[in-house]
Amino acid sequence: MRNQMVSLPYSAEKDGRLKNVIVMLTALVAASHALPAQPKNDSTNAQQFVIPAVRIHGNIHLTGKLTDPKWKLAPRVSLDYEIQPGNNTPAPQKTEALVLYNSQFVYFGFICHDTDPSQIRAHVTDRDNIFQDDFAGVILDTYDDHQRAYEFFVNPFGIQADLMRNGNNEDPTWDAVWYSKGSLSDSGYTVEMAIPFKSLRLPDKAIQNWGILIFRNIPRSSRIQTSWVHLDLNDPCSLCQEGILAGIKGMQSGNSISVLPYAMGLENGSVADASNASSAFSNGPVTGRFGVGLTYFPNPSLSLEGVVNPDFSQVESDVTQISLNSTFALFYPEKRPFFMEGSDIFSTLIQAYYSRMINNPLAAAKLVEKSGHWSVGYLAAEDRTTPFIIAGEEGSVTDNNGDNTFPTPYRSFSNIVRARYNLGTQSFVGALGTFRNFTKAHNYVGGVDWDYFFDGNYTFDGQFLFSNTRELNDTNLVSDPSYFGNTRFTKAFDGQEYDGTGFQTDFRRDARHYTFRFTYKDFSPTFQAEDGYVFSNDLRTVDMEHTLLFYPNTSLVDNWGFDLESGLHFDYQGSRKERWILPSLILDLKSQTQLQVTYYLVNDELFHSVNFVGVHRWQFNLQSDPTSSISFYLNASVGRFIDRASDTAIGKGHEISAELVLRPTDRLSLTADYSRSRLSNLVGGQLFYDGYIARLSAIYQFNGQIFLRLVGQYDQFSGSVEVDPLFSYKLNPFTIFYAGSTNSLTKFGQPYGLVQTGREFFVKAQYLFQY
């Protein structure tokens with residue numbers, strides 16, 4: 001579940017001393033690793049909370065009101081425990097869950113009573129956008145191995161949300177085809193779910209027992225969550241405490257084929273010279289694009305997927321980020337369906353695979369299998385315009401145009417290989433390899449990773465990677481003659497070949513009241529992961545964080561506490577690059593309001609050979625959902641910053657990001673985003689930069705499948721305006737129809753004003769055939 005407190009649904013002598021500290025700490029952790037794990041209370045829940053699987057003949061007709069007579073055969077369980085903000089206190093509202101199955105579906109029904117139905121929060125929205133609403137749902141661990149689980153939730157209008165859980169991490173990009181209905185009443189609401197077995201990965205067993213958690217979300221003055229099972233909130237492993245859905249047999253799954261063809265029409269127009277307000281605007285020809293994807297499930301645990309001439313466009317533009325004072329490549333989330341499906345298998349501690357580094361593929365293929373303790377993934381793609389993020393010490397390497405994330409005209413072929421062996425109880429060992437090949441260049445990365453959970457609260461994880469890089473030989477792209485650290489290798493694309501290593505390890509304690517984290521990172525000056533998001537190297541860092549929380553649950557506060565983070569950063573020559581001590585105050589208030597205030601008590605940095613001491617500032621993080629119709633978010637930093645863009649001086653200023661969401665009706669949503677950055681010289685007050693980016697979005701949702709959206713954005717830094725209307729019909733996550741346009745305008749001086757510099761019209765249709 002999203003946004004929850006419970007972990008259910010961040011000189012050579014000096015160098016030698018640092019190494020000695022790391023060796024000692026690693027030895028201590030390794031000694032802890034050798035200790036036997038303490039018995040856990042998952043066996044108690046697995047014995048006490050059991051639902052006998054009842055099989056029916058025929059399908060249930062979903063109405064959202066549980067009116068089908070077959071529901072009378074279903075076993076019922078009650079969600080008796082409030083697990084947020086309470087600690088297994090009696091649930092404030094009565095909830096019953098019902099479970100049935102047949103050869104094709106597993107069915108869940110919920111009767112959600114409410115003593116004041118007028119307080120229920122529910123909106124007609126796009127799927128996966130219900131987490132500020134009331135909702136009910138299940139988490140299914142089909143292998144009952146406490147490693148990986150499916151999350152299915154439904155709000156009172158029947159709108160779906162689904163996620164993939166790995167340990168305590170949730171992946172909201174995962175989508176499945178399933179069915180749901182919901183209905184409000186004067187006593188609360190009811191929902192029904194029908195989940196096809198073909199949408200799940202299942203063990204090869206005739207009779208199956210699944211781990212199961214059942215929840216209800218009740219957002220009021222606090223975000224209340226209730227549970228079917230008793231959960232030890234001091235135990236971070238929620239899957240270890242699941243109940244059992246016992247005795248499922250005779251299912252039809254596997255040996256299925258899905259075909260996903262698409263057709264797309266485009267017309268592009270632009271000015272010949274975007275910097276010239278008098279430049280003529282010309283429309284290009286209407287073009288078409290066609291492609292097809294094929295997915296084959298020979299059995300419930302194996303999927304094979306291939307796409308030819310895929311459409312890897314996205315209908316929602318990325319929110320523009322302010323990057324004036326950042327020297328590292330920015331991160332943008334993946335939104336393309338092929339890469340989002342099954343992406344969890346390729347996720348590792350060091351992000352050595354980042355799917356957006358495959359930019360414009362001609363074709364791609366993917367294999368994912370989970371069988372017993374093994375999980376295996378393979379992805380291959382040929383990219384027509386290969387992008388680069390080249391890691392550097394004080395910033396990502398830029399191309400000759402000054403960009404630190406840049407596409408190139410070069411074709412490449414990428415192979416990503418991943419294997420994990422699950423050890424049980426959220427522990428595993430694994431290996432990852434990424435192989436990007438050009439005609440006369442390459443980047444190969446490979447290594448091992450692990451995650452060991454022990455003694456009920458402790459996790460020791462890590463990853464070691466080795467890279468070998470042979471650069472492109474094209475200084476017209478990158479001609480930077482400076483060196484990677486204290487090596488003989490330049491940053492220019494001059495055909496050199498070099499090796500590198502990357503290492504990260506974390507040691508954590510997760511509990512209800514006291515949590516700590518110790519992190520060590522070590523990246524050599526020549527480590528590169530071109531298929532990943534690794535933007536810096538030549539570093540050795542130690543970072544430690546402690547969090548202490550209290551739960552008074554008063555009329556004003558759900559919980560409050562303190563956080564203290566501190567760290568050191570050295571380069572490979574032993575120079576101290578950074579040190580920091582950041583104390584924080586944490587408040588979780590009523591009205592679903594969370595506030596964290598952080599002060600940069602110690603913040604020193606060596607940047608461009610200048611030693612900056614006392615770069616103090618305040619940081620405020622505020623998030624609030626006080627009513628069903630209003631949500632607000634603010635992140636603000638105020639104080640001293642290093643001007644990295646030009647003069648390398650210290651300045652005073654602020655960086656602000658804010659979002660306001662208004663829902664005047666249950667179908668209309670208005671979102672305003674605002675980002676601002678200002679910095680002036682601490683001495684003399686000279687202004688380095690000042691500007692903002694504003695974005696407005698309006699969405700009207702006709703029903704769960706159809707919406708209209710209009711997005712407008714103004715970038716004061718560039719003087720650009722973007723206007724993007726969109727019509728969307730989405731029968732399921734894969735059967736879709738889009739029609740819309742993107743319109744780019746630039747603000748010129750008088751007498752021109754706003755001038756349109758680019759435009760694209762598009763229509764896309766895609767339909768999922770399942771056999």
# chains A, B, ... in the order shown; residues from 1 in each chain; ligands from 1

$ residues_around --residues "stretch 712-716 of chain A" --least-positions-apart "2" --cutoff "10 Å" --atoms "only C-alpha atoms" --output "number ranges by chain"
A: 319-322, 672-676, 690-698, 710, 718-725, 742-747

$ write_last_selection --atoms "N, CA, C and O atoms" --output "short mmCIF file (atom, residue, chain, number, x, y, z; two decimals), in the first residue's frame"
data_model
loop_
_atom_site.label_atom_id
_atom_site.label_comp_id
_atom_site.auth_asym_id
_atom_site.auth_seq_id
_atom_site.Cartn_x
_atom_site.Cartn_y
_atom_site.Cartn_z
N VAL A 319 7.74 16.03 -16.21
CA VAL A 319 7.73 17.33 -15.54
C VAL A 319 9.13 17.91 -15.61
O VAL A 319 10.11 17.27 -15.21
N THR A 320 9.26 19.13 -16.15
CA THR A 320 10.56 19.76 -16.28
C THR A 320 11.17 20.03 -14.91
O THR A 320 10.50 20.51 -14.01
N GLN A 321 12.43 19.68 -14.75
CA GLN A 321 13.13 19.89 -13.50
C GLN A 321 14.15 21.01 -13.66
O GLN A 321 14.78 21.16 -14.71
N ILE A 322 14.30 21.80 -12.59
CA ILE A 322 15.29 22.88 -12.60
C ILE A 322 16.67 22.28 -12.39
O ILE A 322 16.92 21.59 -11.39
N ALA A 672 -1.77 21.95 -9.53
CA ALA A 672 -0.83 23.05 -9.80
C ALA A 672 0.52 22.68 -9.20
O ALA A 672 0.62 22.39 -8.00
N ASP A 673 1.54 22.67 -10.04
CA ASP A 673 2.92 22.41 -9.61
C ASP A 673 3.75 23.67 -9.82
O ASP A 673 3.62 24.35 -10.86
N TYR A 674 4.61 23.97 -8.84
CA TYR A 674 5.42 25.18 -8.91
C TYR A 674 6.81 24.87 -8.36
O TYR A 674 6.95 24.32 -7.25
N SER A 675 7.83 25.16 -9.16
CA SER A 675 9.22 25.00 -8.73
C SER A 675 9.95 26.32 -8.94
O SER A 675 9.82 26.94 -10.01
N ARG A 676 10.69 26.72 -7.93
CA ARG A 676 11.41 28.00 -8.01
C ARG A 676 12.81 27.84 -7.44
O ARG A 676 13.04 27.10 -6.47
N ASP A 690 17.53 33.40 -10.97
CA ASP A 690 16.23 33.47 -10.31
C ASP A 690 15.17 33.11 -11.35
O ASP A 690 15.14 33.71 -12.43
N GLY A 691 14.34 32.14 -11.05
CA GLY A 691 13.31 31.77 -12.00
C GLY A 691 12.43 30.67 -11.46
O GLY A 691 12.66 30.12 -10.38
N TYR A 692 11.40 30.32 -12.25
CA TYR A 692 10.45 29.30 -11.80
C TYR A 692 9.91 28.53 -13.00
O TYR A 692 10.02 28.95 -14.17
N ILE A 693 9.32 27.39 -12.70
CA ILE A 693 8.57 26.58 -13.67
C ILE A 693 7.21 26.30 -13.05
O ILE A 693 7.12 25.81 -11.92
N ALA A 694 6.15 26.63 -13.78
CA ALA A 694 4.79 26.41 -13.30
C ALA A 694 4.07 25.46 -14.25
O ALA A 694 4.20 25.58 -15.48
N ARG A 695 3.29 24.54 -13.68
CA ARG A 695 2.60 23.53 -14.48
C ARG A 695 1.19 23.36 -13.93
O ARG A 695 1.00 23.20 -12.72
N LEU A 696 0.20 23.42 -14.81
CA LEU A 696 -1.20 23.23 -14.44
C LEU A 696 -1.76 22.04 -15.21
O LEU A 696 -1.50 21.89 -16.41
N SER A 697 -2.53 21.22 -14.51
CA SER A 697 -3.14 20.05 -15.14
C SER A 697 -4.58 19.94 -14.68
O SER A 697 -4.87 20.03 -13.47
N ALA A 698 -5.49 19.76 -15.64
CA ALA A 698 -6.90 19.56 -15.34
C ALA A 698 -7.34 18.24 -15.96
O ALA A 698 -7.10 18.00 -17.15
N LEU A 710 -5.91 18.32 -19.81
CA LEU A 710 -5.23 19.46 -20.41
C LEU A 710 -4.09 19.87 -19.49
O LEU A 710 -4.29 20.13 -18.30
N SER A 718 13.62 29.45 -19.69
CA SER A 718 13.78 29.40 -21.14
C SER A 718 12.76 30.22 -21.89
O SER A 718 12.87 30.39 -23.11
N GLY A 719 11.73 30.71 -21.18
CA GLY A 719 10.66 31.45 -21.83
C GLY A 719 9.75 30.58 -22.67
O GLY A 719 9.06 31.06 -23.56
N SER A 720 9.71 29.27 -22.38
CA SER A 720 8.94 28.33 -23.18
C SER A 720 7.60 28.01 -22.52
O SER A 720 7.49 27.98 -21.30
N VAL A 721 6.62 27.75 -23.36
CA VAL A 721 5.29 27.35 -22.93
C VAL A 721 4.93 26.05 -23.63
O VAL A 721 5.22 25.88 -24.83
N GLU A 722 4.30 25.13 -22.89
CA GLU A 722 3.86 23.88 -23.48
C GLU A 722 2.40 23.66 -23.13
O GLU A 722 2.00 23.83 -21.97
N VAL A 723 1.59 23.30 -24.12
CA VAL A 723 0.17 23.03 -23.92
C VAL A 723 -0.13 21.67 -24.53
O VAL A 723 0.09 21.47 -25.74
N ASP A 724 -0.66 20.73 -23.71
CA ASP A 724 -0.86 19.35 -24.17
C ASP A 724 -2.26 18.87 -23.81
O ASP A 724 -2.52 18.49 -22.66
N PRO A 725 -3.20 18.86 -24.76
CA PRO A 725 -4.49 18.23 -24.52
C PRO A 725 -4.44 16.73 -24.85
O PRO A 725 -3.68 16.30 -25.72
N THR A 742 0.80 17.89 -28.68
CA THR A 742 1.75 18.66 -27.87
C THR A 742 2.05 19.94 -28.63
O THR A 742 2.26 19.92 -29.86
N ASN A 743 2.06 21.04 -27.92
CA ASN A 743 2.24 22.36 -28.55
C ASN A 743 3.31 23.12 -27.79
O ASN A 743 3.17 23.37 -26.59
N SER A 744 4.36 23.51 -28.49
CA SER A 744 5.47 24.24 -27.88
C SER A 744 5.49 25.67 -28.38
O SER A 744 5.40 25.92 -29.59
N LEU A 745 5.60 26.60 -27.45
CA LEU A 745 5.66 28.03 -27.78
C LEU A 745 6.84 28.65 -27.03
O LEU A 745 7.23 28.16 -25.96
N THR A 746 7.36 29.72 -27.59
CA THR A 746 8.49 30.42 -26.97
C THR A 746 8.14 31.90 -26.82
O THR A 746 7.56 32.51 -27.73
N LYS A 747 8.49 32.44 -25.67
CA LYS A 747 8.23 33.85 -25.38
C LYS A 747 9.38 34.70 -25.91
O LYS A 747 10.50 34.67 -25.39
#

$ residues_around --residues "A:Phe428" --least-positions-apart "5" --cutoff "6 Å" --atoms "only C-alpha atoms" --output "VMD selection string"
chain A and resid 421 to 423 450 to 451

$ residues_around --residues "A:Tyr410" --least-positions-apart "5" --cutoff "10 Å" --atoms "only C-alpha atoms" --output "number ranges by chain"
A: 383-387, 438-439, 472

$ atom_distance --atom1 "atom CA of A:Ser103" --atom2 "atom CA of A:Ser180"
18.1 Å

$ atom_distance --atom1 "atom CA of A:Arg517" --atom2 "atom CA of A:Ile83"
24.2 Å

$ closest_residue --among "A:Ile390, A:Cys237, A:Cys112, A:Ile248" --to "A:Ser536" --atoms "only C-alpha atoms"
A:Ile390

$ select_by_dssp --residues "stretch 216-425 of chain A" --states "strand (DSSP E)" --output "PyMOL selection string"
chain A and resi 216-219+223-227+243-249+256-271+281-299+302-308+361-371+374-383+387-388+406-407+412-424

$ residues_around --residues "A:Asn283" --least-positions-apart "6" --cutoff "10 Å" --atoms "only C-alpha atoms" --output "PDB file with C-alpha atoms, in the first residue's frame"
ATOM      1  CA  GLU A 267       1.864  14.843 -37.803  1.00  0.00           C
ATOM      2  CA  ASN A 268       4.739  17.074 -36.715  1.00  0.00           C
ATOM      3  CA  GLY A 269       5.267  20.760 -37.373  1.00  0.00           C
ATOM      4  CA  SER A 270       8.076  23.106 -36.386  1.00  0.00           C
ATOM      5  CA  VAL A 271       9.902  26.312 -37.232  1.00  0.00           C
ATOM      6  CA  GLY A 758       6.607  23.146 -32.472  1.00  0.00           C
ATOM      7  CA  ARG A 759       3.497  20.982 -32.610  1.00  0.00           C
ATOM      8  CA  GLU A 760       2.595  17.313 -32.829  1.00  0.00           C
TER       9      GLU A 760
END

$ atom_distance --atom1 "atom CA of A:Thr125" --atom2 "atom CA of A:Arg667"
6.7 Å

$ residues_around --residues "A:Asp461" --least-positions-apart "5" --cutoff "10 Å" --atoms "only C-alpha atoms" --output "list in words"
Leu349, Ser427, Phe428, Val429, Asp449, Trp450, Asp451, Tyr452, Phe453, Gln504, Thr505, Asp506, Phe507, Arg508 and Thr519 of chain A

$ closest_residue --among "A:Asn129, A:Gln496, A:Thr226, A:Ser669" --to "A:Ser629" --atoms "only C-alpha atoms"
A:Ser669

$ residues_around --residues "stretch 151-167 of chain A" --least-positions-apart "2" --cutoff "8 Å" --atoms "only C-alpha atoms" --output "PyMOL selection string"
chain A and resi 1+9+64+122-130+133-140+146-149+169-176+180-184+189-193+237+239+344+426+704

$ write_last_selection --atoms "N, CA and C atoms" --output "short mmCIF file (atom, residue, chain, number, x, y, z; two decimals), in the first residue's frame"
data_model
loop_
_atom_site.label_atom_id
_atom_site.label_comp_id
_atom_site.auth_asym_id
_atom_site.auth_seq_id
_atom_site.Cartn_x
_atom_site.Cartn_y
_atom_site.Cartn_z
N MET A 1 0.85 -1.19 0.00
CA MET A 1 0.00 0.00 0.00
C MET A 1 0.88 1.24 0.00
N PRO A 9 2.03 -2.28 2.41
CA PRO A 9 1.85 -1.70 1.10
C PRO A 9 2.63 -0.43 1.27
N GLY A 64 -20.61 -5.16 -7.76
CA GLY A 64 -20.15 -4.24 -6.73
C GLY A 64 -20.95 -4.32 -5.45
N ALA A 122 -13.84 9.03 -1.85
CA ALA A 122 -13.86 8.22 -3.07
C ALA A 122 -13.94 9.13 -4.28
N HIS A 123 -13.16 8.78 -5.32
CA HIS A 123 -13.14 9.56 -6.55
C HIS A 123 -13.15 8.63 -7.75
N VAL A 124 -13.79 9.07 -8.81
CA VAL A 124 -13.70 8.39 -10.10
C VAL A 124 -12.43 8.90 -10.76
N THR A 125 -11.45 8.03 -10.90
CA THR A 125 -10.13 8.45 -11.35
C THR A 125 -9.52 7.39 -12.24
N ASP A 126 -8.35 7.67 -12.77
CA ASP A 126 -7.62 6.68 -13.55
C ASP A 126 -7.11 5.60 -12.59
N ARG A 127 -6.89 4.41 -13.13
CA ARG A 127 -6.40 3.32 -12.29
C ARG A 127 -5.05 3.69 -11.67
N ASP A 128 -4.76 3.10 -10.53
CA ASP A 128 -3.53 3.33 -9.77
C ASP A 128 -3.45 4.73 -9.17
N ASN A 129 -4.60 5.41 -9.05
CA ASN A 129 -4.58 6.77 -8.50
C ASN A 129 -5.60 6.90 -7.38
N ILE A 130 -5.69 5.87 -6.52
CA ILE A 130 -6.74 5.83 -5.50
C ILE A 130 -6.18 5.92 -4.08
N ASP A 133 -7.83 7.76 -1.30
CA ASP A 133 -9.22 7.37 -1.07
C ASP A 133 -9.35 6.29 -0.01
N ASP A 134 -10.58 6.03 0.38
CA ASP A 134 -10.89 4.76 1.03
C ASP A 134 -10.65 3.64 0.01
N PHE A 135 -10.13 2.51 0.48
CA PHE A 135 -10.00 1.35 -0.40
C PHE A 135 -9.83 0.10 0.46
N ALA A 136 -10.03 -1.04 -0.18
CA ALA A 136 -9.84 -2.34 0.47
C ALA A 136 -9.13 -3.25 -0.52
N GLY A 137 -8.41 -4.25 -0.01
CA GLY A 137 -7.73 -5.14 -0.93
C GLY A 137 -6.88 -6.19 -0.25
N VAL A 138 -6.13 -6.90 -1.09
CA VAL A 138 -5.36 -8.05 -0.64
C VAL A 138 -3.93 -7.97 -1.15
N ILE A 139 -3.04 -8.65 -0.45
CA ILE A 139 -1.66 -8.88 -0.88
C ILE A 139 -1.49 -10.39 -0.95
N LEU A 140 -1.13 -10.90 -2.14
CA LEU A 140 -1.06 -12.34 -2.39
C LEU A 140 0.38 -12.77 -2.63
N HIS A 146 7.61 -15.35 1.18
CA HIS A 146 7.90 -14.06 1.84
C HIS A 146 8.86 -13.20 1.03
N GLN A 147 8.90 -13.43 -0.29
CA GLN A 147 9.82 -12.69 -1.15
C GLN A 147 9.11 -11.68 -2.04
N ARG A 148 8.06 -12.13 -2.69
CA ARG A 148 7.42 -11.36 -3.76
C ARG A 148 5.92 -11.55 -3.65
N ALA A 149 5.17 -10.46 -3.81
CA ALA A 149 3.72 -10.57 -3.65
C ALA A 149 3.03 -9.57 -4.56
N ASN A 169 9.63 -3.31 -0.60
CA ASN A 169 9.61 -2.33 -1.69
C ASN A 169 8.42 -2.61 -2.60
N GLU A 170 7.72 -1.53 -2.96
CA GLU A 170 6.56 -1.64 -3.84
C GLU A 170 6.86 -1.02 -5.19
N ASP A 171 6.41 -1.68 -6.26
CA ASP A 171 6.59 -1.19 -7.62
C ASP A 171 5.22 -0.81 -8.18
N PRO A 172 4.89 0.49 -8.25
CA PRO A 172 3.57 0.90 -8.73
C PRO A 172 3.42 0.81 -10.23
N THR A 173 4.50 0.54 -10.98
CA THR A 173 4.41 0.46 -12.43
C THR A 173 3.87 -0.88 -12.91
N TRP A 174 3.81 -1.87 -12.04
CA TRP A 174 3.31 -3.19 -12.45
C TRP A 174 1.81 -3.13 -12.68
N ASP A 175 1.35 -3.73 -13.77
CA ASP A 175 -0.07 -3.75 -14.10
C ASP A 175 -0.49 -5.16 -14.48
N ALA A 176 -1.74 -5.47 -14.20
CA ALA A 176 -2.32 -6.76 -14.58
C ALA A 176 -3.74 -6.54 -15.07
N SER A 180 -13.09 -5.54 -11.42
CA SER A 180 -13.56 -5.05 -10.12
C SER A 180 -14.81 -4.22 -10.30
N LYS A 181 -15.59 -4.17 -9.24
CA LYS A 181 -16.76 -3.31 -9.14
C LYS A 181 -16.86 -2.81 -7.71
N GLY A 182 -17.50 -1.66 -7.53
CA GLY A 182 -17.71 -1.11 -6.20
C GLY A 182 -19.02 -0.37 -6.12
N SER A 183 -19.52 -0.21 -4.89
CA SER A 183 -20.81 0.46 -4.71
C SER A 183 -20.86 1.10 -3.33
N LEU A 184 -21.24 2.38 -3.31
CA LEU A 184 -21.48 3.08 -2.05
C LEU A 184 -22.90 2.82 -1.58
N TYR A 189 -19.64 0.82 2.10
CA TYR A 189 -19.47 0.47 0.69
C TYR A 189 -19.08 -1.00 0.58
N THR A 190 -19.26 -1.55 -0.63
CA THR A 190 -18.87 -2.92 -0.93
C THR A 190 -18.07 -2.93 -2.22
N VAL A 191 -17.14 -3.86 -2.33
CA VAL A 191 -16.35 -4.02 -3.55
C VAL A 191 -16.18 -5.50 -3.85
N GLU A 192 -16.01 -5.80 -5.13
CA GLU A 192 -15.75 -7.16 -5.59
C GLU A 192 -14.55 -7.16 -6.52
N MET A 193 -13.78 -8.24 -6.49
CA MET A 193 -12.59 -8.39 -7.33
C MET A 193 -12.58 -9.79 -7.92
N CYS A 237 9.24 -7.15 8.50
CA CYS A 237 8.88 -8.12 7.47
C CYS A 237 7.39 -8.43 7.56
N LEU A 239 5.45 -9.58 5.11
CA LEU A 239 5.13 -10.83 4.44
C LEU A 239 5.42 -12.04 5.32
N ASP A 344 10.82 -5.36 -11.79
CA ASP A 344 11.34 -5.62 -10.44
C ASP A 344 12.50 -6.61 -10.44
N GLN A 426 12.86 -12.92 2.95
CA GLN A 426 13.34 -11.69 2.33
C GLN A 426 14.86 -11.65 2.17
N GLY A 704 -14.35 5.08 -15.11
CA GLY A 704 -13.06 4.49 -14.82
C GLY A 704 -12.18 4.27 -16.02
#

$ residues_around --residues "A:Gln47" --least-positions-apart "3" --cutoff "12 Å" --atoms "only C-alpha atoms" --output "list in words"
Asn41, Asp42, Ser43, Thr44, Val50, Ile51, Pro52, Gly211, Val229, Gln241, Glu242, Gly243, Ile244, Leu245 and Ala246 of chain A

$ write_last_selection --atoms "N, CA and C atoms" --output "PDB file, in the first residue's frame"
ATOM      1  N   ASN A  41       7.540 -14.979  14.245  1.00  0.00           N
ATOM      2  CA  ASN A  41       6.173 -15.309  14.561  1.00  0.00           C
ATOM      3  C   ASN A  41       5.315 -15.471  13.324  1.00  0.00           C
ATOM      4  N   ASP A  42       5.958 -15.701  12.125  1.00  0.00           N
ATOM      5  CA  ASP A  42       5.131 -15.951  10.955  1.00  0.00           C
ATOM      6  C   ASP A  42       4.407 -17.280  11.085  1.00  0.00           C
ATOM      7  N   SER A  43       5.012 -18.264  11.743  1.00  0.00           N
ATOM      8  CA  SER A  43       4.352 -19.555  11.892  1.00  0.00           C
ATOM      9  C   SER A  43       3.091 -19.424  12.740  1.00  0.00           C
ATOM     10  N   THR A  44       3.080 -18.482  13.703  1.00  0.00           N
ATOM     11  CA  THR A  44       1.888 -18.264  14.526  1.00  0.00           C
ATOM     12  C   THR A  44       0.728 -17.784  13.670  1.00  0.00           C
ATOM     13  N   VAL A  50      -6.105 -18.734   8.928  1.00  0.00           N
ATOM     14  CA  VAL A  50      -6.194 -19.622   7.764  1.00  0.00           C
ATOM     15  C   VAL A  50      -7.593 -19.504   7.165  1.00  0.00           C
ATOM     16  N   ILE A  51      -7.644 -19.294   5.843  1.00  0.00           N
ATOM     17  CA  ILE A  51      -8.913 -19.288   5.109  1.00  0.00           C
ATOM     18  C   ILE A  51      -8.961 -20.536   4.241  1.00  0.00           C
ATOM     19  N   PRO A  52      -9.899 -21.449   4.456  1.00  0.00           N
ATOM     20  CA  PRO A  52     -10.010 -22.615   3.578  1.00  0.00           C
ATOM     21  C   PRO A  52     -10.529 -22.195   2.211  1.00  0.00           C
ATOM     22  N   GLY A 211       0.298 -17.311   0.783  1.00  0.00           N
ATOM     23  CA  GLY A 211       0.300 -16.315   1.839  1.00  0.00           C
ATOM     24  C   GLY A 211      -0.631 -15.178   1.469  1.00  0.00           C
ATOM     25  N   VAL A 229      -4.961  -9.951   9.947  1.00  0.00           N
ATOM     26  CA  VAL A 229      -4.035 -10.627  10.849  1.00  0.00           C
ATOM     27  C   VAL A 229      -3.455  -9.631  11.836  1.00  0.00           C
ATOM     28  N   GLN A 241       4.516 -12.344   8.216  1.00  0.00           N
ATOM     29  CA  GLN A 241       3.426 -12.463   9.183  1.00  0.00           C
ATOM     30  C   GLN A 241       2.078 -12.687   8.508  1.00  0.00           C
ATOM     31  N   GLU A 242       2.106 -13.119   7.253  1.00  0.00           N
ATOM     32  CA  GLU A 242       0.874 -13.300   6.503  1.00  0.00           C
ATOM     33  C   GLU A 242       0.098 -14.526   6.971  1.00  0.00           C
ATOM     34  N   GLY A 243      -1.208 -14.484   6.729  1.00  0.00           N
ATOM     35  CA  GLY A 243      -2.036 -15.659   6.923  1.00  0.00           C
ATOM     36  C   GLY A 243      -1.966 -16.560   5.705  1.00  0.00           C
ATOM     37  N   ILE A 244      -2.838 -17.582   5.663  1.00  0.00           N
ATOM     38  CA  ILE A 244      -2.788 -18.581   4.604  1.00  0.00           C
ATOM     39  C   ILE A 244      -4.157 -18.728   3.948  1.00  0.00           C
ATOM     40  N   LEU A 245      -4.159 -18.737   2.611  1.00  0.00           N
ATOM     41  CA  LEU A 245      -5.304 -19.179   1.823  1.00  0.00           C
ATOM     42  C   LEU A 245      -4.978 -20.600   1.391  1.00  0.00           C
ATOM     43  N   ALA A 246      -5.660 -21.588   1.976  1.00  0.00           N
ATOM     44  CA  ALA A 246      -5.206 -22.975   1.918  1.00  0.00           C
ATOM     45  C   ALA A 246      -6.064 -23.833   0.995  1.00  0.00           C
TER      46      ALA A 246
END

$ closest_residue --among "A:Ser258, A:Ser282, A:Asn209, A:Ser555" --to "A:Gln770" --atoms "only C-alpha atoms"
A:Ser258

$ closest_residue --among "A:Leu539, A:Pro733, A:Leu668, A:Gln351" --to "A:Arg709" --atoms "only C-alpha atoms"
A:Leu668
